[in-house]
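Here's upload-v2.cif, which has mmCIF, C-alpha atoms:
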```
data_start
loop_
_atom_site.label_atom_id
_atom_site.label_comp_id
_atom_site.auth_asym_id
_atom_site.auth_seq_id
_atom_site.Cartn_x
_atom_site.Cartn_y
_atom_site.Cartn_z
CA MET A 14 -16.29 18.62 5.44
CA LYS A 15 -15.08 15.71 7.55
CA LYS A 16 -11.39 14.90 8.04
CA ILE A 17 -10.19 11.58 6.65
CA GLU A 18 -9.65 10.29 10.19
CA ASP A 19 -13.38 10.71 10.82
CA TYR A 20 -14.13 8.02 8.22
CA VAL A 21 -11.91 5.38 9.83
CA ILE A 22 -13.81 3.13 12.22
CA ASN A 23 -11.76 2.19 15.29
CA ILE A 24 -12.62 -1.24 16.66
CA PRO A 25 -11.02 -1.91 20.05
CA ASP A 26 -9.78 -5.36 21.03
CA PHE A 27 -9.90 -6.81 17.51
CA PRO A 28 -8.58 -9.28 16.53
CA LYS A 29 -7.38 -9.64 20.13
CA ALA A 30 -7.30 -7.67 23.38
CA GLY A 31 -5.19 -4.53 23.29
CA ILE A 32 -5.33 -4.12 19.49
CA VAL A 33 -7.30 -1.29 17.87
CA PHE A 34 -8.32 -2.35 14.37
CA ARG A 35 -8.45 0.57 11.91
CA ASP A 36 -11.35 -0.29 9.60
CA ILE A 37 -11.29 1.47 6.21
CA THR A 38 -14.80 0.43 5.20
CA GLY A 39 -16.07 3.72 6.63
CA ILE A 40 -14.03 5.42 3.89
CA LEU A 41 -15.24 3.04 1.19
CA HIS A 42 -18.91 3.35 2.17
CA ASP A 43 -18.96 7.11 1.72
CA PRO A 44 -18.24 8.69 -1.67
CA GLU A 45 -16.81 11.80 -0.01
CA GLY A 46 -14.52 9.67 2.15
CA LEU A 47 -13.28 7.69 -0.84
CA HIS A 48 -12.65 10.84 -2.89
CA LEU A 49 -10.88 12.46 0.04
CA SER A 50 -8.64 9.42 0.64
CA ILE A 51 -7.51 9.29 -3.00
CA ASP A 52 -7.04 13.07 -3.21
CA LEU A 53 -4.88 13.02 -0.07
CA MET A 54 -2.80 10.15 -1.40
CA LEU A 55 -2.35 11.98 -4.70
CA GLU A 56 -1.12 15.04 -2.78
CA LYS A 57 1.67 12.82 -1.42
CA LEU A 58 2.63 12.05 -5.04
CA LYS A 59 2.70 15.66 -6.23
CA ASN A 60 5.93 16.31 -8.18
CA VAL A 61 6.89 12.62 -8.17
CA GLU A 62 7.68 11.25 -11.62
CA TYR A 63 6.55 7.65 -11.96
CA ASP A 64 5.37 5.13 -14.53
CA VAL A 65 3.82 2.31 -12.50
CA VAL A 66 1.68 1.93 -9.39
CA VAL A 67 2.06 -1.35 -7.48
CA GLY A 68 -0.72 -2.26 -5.07
CA PRO A 69 -0.49 -5.25 -2.73
CA GLU A 70 -3.34 -7.67 -2.24
CA SER A 71 -5.98 -6.90 -1.24
CA ARG A 72 -6.66 -3.39 0.01
CA GLY A 73 -3.69 -1.98 -1.88
CA PHE A 74 -5.67 -2.94 -4.99
CA ILE A 75 -8.46 -0.57 -3.99
CA PHE A 76 -6.32 2.51 -3.42
CA GLY A 77 -3.56 1.72 -5.90
CA ILE A 78 -5.83 1.18 -8.87
CA LEU A 79 -7.72 4.41 -8.17
CA VAL A 80 -4.43 6.34 -8.00
CA ALA A 81 -3.27 4.69 -11.26
CA TYR A 82 -6.59 5.45 -12.96
CA LYS A 83 -6.64 9.06 -11.84
CA GLU A 84 -3.02 9.62 -12.97
CA ASN A 85 -3.25 7.51 -16.15
CA LYS A 86 -0.54 5.11 -14.97
CA VAL A 87 0.00 1.36 -15.22
CA PHE A 88 -1.33 -0.67 -12.27
CA VAL A 89 0.50 -3.82 -11.17
CA PRO A 90 -1.06 -6.12 -8.57
CA ALA A 91 1.23 -7.75 -6.00
CA ARG A 92 -0.45 -11.01 -5.05
CA LYS A 93 -0.10 -13.91 -2.68
CA LYS A 94 1.77 -16.90 -4.07
CA GLY A 95 -0.13 -18.91 -6.66
CA LYS A 96 -2.72 -16.25 -7.54
CA LEU A 97 -1.12 -14.80 -10.71
CA PRO A 98 -1.66 -16.82 -13.92
CA ARG A 99 1.56 -16.13 -15.84
CA GLU A 100 5.27 -16.45 -15.08
CA THR A 101 6.05 -14.74 -11.78
CA VAL A 102 8.85 -13.65 -9.51
CA SER A 103 8.31 -14.45 -5.86
CA ILE A 104 9.79 -13.63 -2.48
CA GLU A 105 9.15 -15.01 0.98
CA TYR A 106 9.09 -12.67 3.95
CA GLU A 107 8.59 -12.85 7.70
CA LEU A 108 5.35 -12.05 9.47
CA GLU A 109 4.80 -11.81 13.21
CA TYR A 110 3.30 -15.30 13.11
CA GLY A 111 5.18 -17.07 10.29
CA THR A 112 6.11 -16.48 6.66
CA GLU A 113 4.22 -15.36 3.58
CA ALA A 114 5.14 -15.09 -0.08
CA ILE A 115 4.23 -12.37 -2.54
CA GLU A 116 4.55 -12.33 -6.32
CA LEU A 117 4.58 -10.07 -9.34
CA HIS A 118 4.24 -11.10 -12.98
CA ARG A 119 7.77 -11.31 -14.35
CA ASP A 120 6.90 -8.90 -17.19
CA SER A 121 5.03 -6.35 -15.03
CA ILE A 122 8.04 -4.14 -14.26
CA LYS A 123 10.47 -3.14 -17.00
CA PRO A 124 14.07 -2.06 -16.38
CA GLY A 125 14.05 1.67 -15.66
CA ASP A 126 10.39 1.82 -14.59
CA ARG A 127 9.83 4.35 -11.82
CA VAL A 128 7.48 2.69 -9.36
CA VAL A 129 5.18 3.95 -6.62
CA ILE A 130 3.81 1.47 -4.09
CA VAL A 131 0.36 2.35 -2.72
CA ASP A 132 -1.29 0.52 0.17
CA ASP A 133 -3.89 1.13 2.85
CA LEU A 134 -1.77 0.40 5.92
CA MET A 135 1.83 0.20 7.04
CA ALA A 136 2.35 -1.91 10.13
CA THR A 137 5.75 -3.65 10.31
CA GLY A 138 6.70 -2.81 6.71
CA GLY A 139 7.46 -6.43 5.80
CA THR A 140 5.14 -6.72 2.82
CA THR A 141 6.34 -3.44 1.34
CA GLU A 142 9.98 -4.37 1.89
CA ALA A 143 9.37 -7.63 -0.02
CA ILE A 144 7.67 -5.79 -2.89
CA ILE A 145 10.58 -3.34 -3.11
CA LYS A 146 12.98 -6.28 -3.49
CA LEU A 147 10.83 -7.76 -6.28
CA VAL A 148 10.56 -4.43 -8.12
CA GLU A 149 14.30 -3.82 -7.89
CA GLY A 150 15.03 -7.41 -8.93
CA LEU A 151 13.11 -6.73 -12.14
CA GLY A 152 15.09 -3.54 -12.78
CA GLY A 153 12.55 -1.02 -11.50
CA GLU A 154 13.21 1.86 -9.13
CA VAL A 155 10.89 2.53 -6.19
CA VAL A 156 10.54 6.32 -6.14
CA LYS A 157 7.85 6.62 -3.44
CA VAL A 158 5.74 4.56 -1.06
CA VAL A 159 2.36 5.96 0.04
CA PHE A 160 0.06 4.57 2.71
CA LEU A 161 -3.37 5.74 3.75
CA MET A 162 -2.59 4.83 7.38
CA GLU A 163 0.55 4.08 9.36
CA LEU A 164 0.87 2.42 12.75
CA ALA A 165 4.03 4.25 13.85
CA GLY A 166 4.41 2.18 17.01
CA LEU A 167 5.31 -0.87 14.89
CA HIS A 168 8.31 0.95 13.34
CA GLY A 169 7.63 -0.08 9.74
CA ARG A 170 9.61 2.89 8.45
CA ASP A 171 12.76 1.32 9.88
CA ARG A 172 12.48 -1.51 7.33
CA LEU A 173 11.94 0.99 4.52
CA GLU A 174 14.87 3.25 5.38
CA GLY A 175 16.33 4.88 2.29
CA TYR A 176 12.99 5.05 0.47
CA PRO A 177 10.65 8.04 0.46
CA VAL A 178 7.65 6.99 2.55
CA ASP A 179 4.55 9.07 3.24
CA SER A 180 1.31 8.35 5.08
CA VAL A 181 -1.95 10.29 5.07
CA ILE A 182 -2.81 9.30 8.66
CA VAL A 183 -0.18 8.39 11.26
CA TYR A 184 -1.36 6.65 14.42
CA PRO A 185 1.30 6.89 17.16
CA GLY A 186 0.66 3.42 18.62
CA CYS A 187 -0.12 0.09 17.07
#
```
Would you write out, as structure tokens, the structure that this file holds?
Amino acid sequence: MKKIEDYVINIPDFPKAGIVFRDITGILHDPEGLHLSIDLMLEKLKNVEYDVVVGPESRGFIFGILVAYKENKVFVPARKKGKLPRETVSIEYELEYGTEAIELHRDSIKPGDRVVIVDDLMATGGTTEAIIKLVEGLGGEVVKVVFLMELAGLHGRDRLEGYPVDSVIVYPGC
């Protein structure tokens, strides 16, 4: 059986020179790779008590909803501003090249909900940090954050200090 890293397609110099893009479509295009990715993420959640899985747009939807389905949990999408149809809470956060905003439905997290955030990739940690603030603002508690891949060279864990963070694959660079 292949290791999960074998399913990730490394594309050098994309989107610009010096960057290695970690393409997850190799995982998605192979049933064994997809099963393995979800099983490995679920291992990171063993013995964690939680009620809700939050997955950020767009690839967090893929992995988060499969984790929620497998564990019979609620799934909450975190979306870009203006994409959710009901009353929302929103937060703006910094990117390397500007700002972005992310939203949750106001009624998606209840006070006391134990929340797990699931995403495909941690780079700088900015999106996840923003989602944590939204969850906590609604009265939820983030009990774990799980990524399929982490680019350790971008120090995203520094922004998430104080929260339990786990990654299936850790790449030492960026």
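Going from atom CA of Leu173 of chain A to atom CA of Lys59 of chain A covers 20.4 Å.
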Close residues, segment 120-124 of chain A itself excluded, 12 Å, only C-alpha atoms, min 3 positions apart in chain, as a CSV table (one decimal) with C-alpha atoms, in the coordinates of the input:
```
chain,number,residue,atom,x,y,z
A,64,ASP,CA,5.4,5.1,-14.5
A,65,VAL,CA,3.8,2.3,-12.5
A,66,VAL,CA,1.7,1.9,-9.4
A,67,VAL,CA,2.1,-1.4,-7.5
A,87,VAL,CA,0.0,1.4,-15.2
A,88,PHE,CA,-1.3,-0.7,-12.3
A,89,VAL,CA,0.5,-3.8,-11.2
A,90,PRO,CA,-1.1,-6.1,-8.6
A,91,ALA,CA,1.2,-7.8,-6.0
A,97,LEU,CA,-1.1,-14.8,-10.7
A,99,ARG,CA,1.6,-16.1,-15.8
A,100,GLU,CA,5.3,-16.4,-15.1
A,101,THR,CA,6.0,-14.7,-11.8
A,102,VAL,CA,8.8,-13.6,-9.5
A,116,GLU,CA,4.6,-12.3,-6.3
A,117,LEU,CA,4.6,-10.1,-9.3
A,127,ARG,CA,9.8,4.4,-11.8
A,128,VAL,CA,7.5,2.7,-9.4
A,129,VAL,CA,5.2,4.0,-6.6
A,144,ILE,CA,7.7,-5.8,-2.9
A,145,ILE,CA,10.6,-3.3,-3.1
A,147,LEU,CA,10.8,-7.8,-6.3
A,148,VAL,CA,10.6,-4.4,-8.1
A,149,GLU,CA,14.3,-3.8,-7.9
A,150,GLY,CA,15.0,-7.4,-8.9
A,151,LEU,CA,13.1,-6.7,-12.1
A,152,GLY,CA,15.1,-3.5,-12.8
A,153,GLY,CA,12.6,-1.0,-11.5
A,154,GLU,CA,13.2,1.9,-9.1
A,155,VAL,CA,10.9,2.5,-6.2
```
Residue with the minimum atom-to-atom distance to Leu55 of chain A, picked from A:Ile17, A:Gly95, A:Pro28, A:Val159 with all atoms listed in the file counted, is A:Val159
Running the PyMOL selection byres ((chain A and resi 137) around 6) on this model by hand, what would come out? Give it as a PyMOL selection string. chain A and resi 136+138-139+167+169
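Proximity of A:Glu45, A:Lys93, A:Gly39, A:Tyr110 to Ser71 of chain A, computed with all atoms listed in the file, is greatest for A:Lys93.
If you apply the PyMOL selection byres ((chain A and resi 164) around 7) to this structure, you end up with Met135, Ala136, Met162, Glu163, Ala165, Gly166, Leu167, Val183, Tyr184, Pro185, Gly186 and Cys187 of chain A.
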If you keep C-alpha atoms, can you produce a file of those selected residues as a compact mmCIF listing (two decimals), in the frame of the given file?
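Output below, filename again_15.txt:
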```txt
# COMPACT_ATOMS: atom_id res chain seq x y z
CA MET A 135 1.83 0.20 7.04
CA ALA A 136 2.35 -1.91 10.13
CA MET A 162 -2.59 4.83 7.38
CA GLU A 163 0.55 4.08 9.36
CA ALA A 165 4.03 4.25 13.85
CA GLY A 166 4.41 2.18 17.01
CA LEU A 167 5.31 -0.87 14.89
CA VAL A 183 -0.18 8.39 11.26
CA TYR A 184 -1.36 6.65 14.42
CA PRO A 185 1.30 6.89 17.16
CA GLY A 186 0.66 3.42 18.62
CA CYS A 187 -0.12 0.09 17.07
```
Using 4 Å of padding on each side, determine the axis-aligned box around all atoms of segment 30-40 of chain A present in the file and give its centre and edge lengths in Å to one decimal, as JSON.
```
{"center_x": -10.6, "center_y": -1.1, "center_z": 13.6, "size_x": 18.9, "size_y": 21.1, "size_z": 27.5}
```
Run the PyMOL selection byres ((chain A and resi 76) around 9) mentally over the shown coordinates, then write out the matched residues as JSON, numbers by chain, using the chain letters and numbers from the document. {"A": [50, 51, 54, 68, 72, 73, 74, 75, 77, 78, 79, 80, 81, 131, 132, 133, 161]}
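Between atom CA of Tyr176 of chain A and atom CA of Asn23 of chain A there is a distance of 29.0 Å.
Here atom CA of Pro177 of chain A stands at a distance of 12.5 Å from atom CA of Glu142 of chain A.
Residue nearest Glu107 of chain A, chosen from A:Leu134, A:Ala30, A:Ala143, A:Leu47 and counting all atoms listed in the file: A:Ala143.
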Which residues, written as number ranges by chain, have at least one atom at most 9 Å from Glu105 of chain A, with only C-alpha atoms counted and residues fewer than 2 positions away on the same chain left out? A: 103, 107, 112-115, 143
From the list A:Lys16, A:Arg170, A:Arg92, A:Arg119, the nearest residue to Leu53 of chain A using all atoms listed in the file is A:Lys16
Looking at all atoms listed in the file, which of A:Ile104, A:Val33, A:Val158, A:Leu49 is the one that sits closest to Asp19 of chain A? A:Leu49
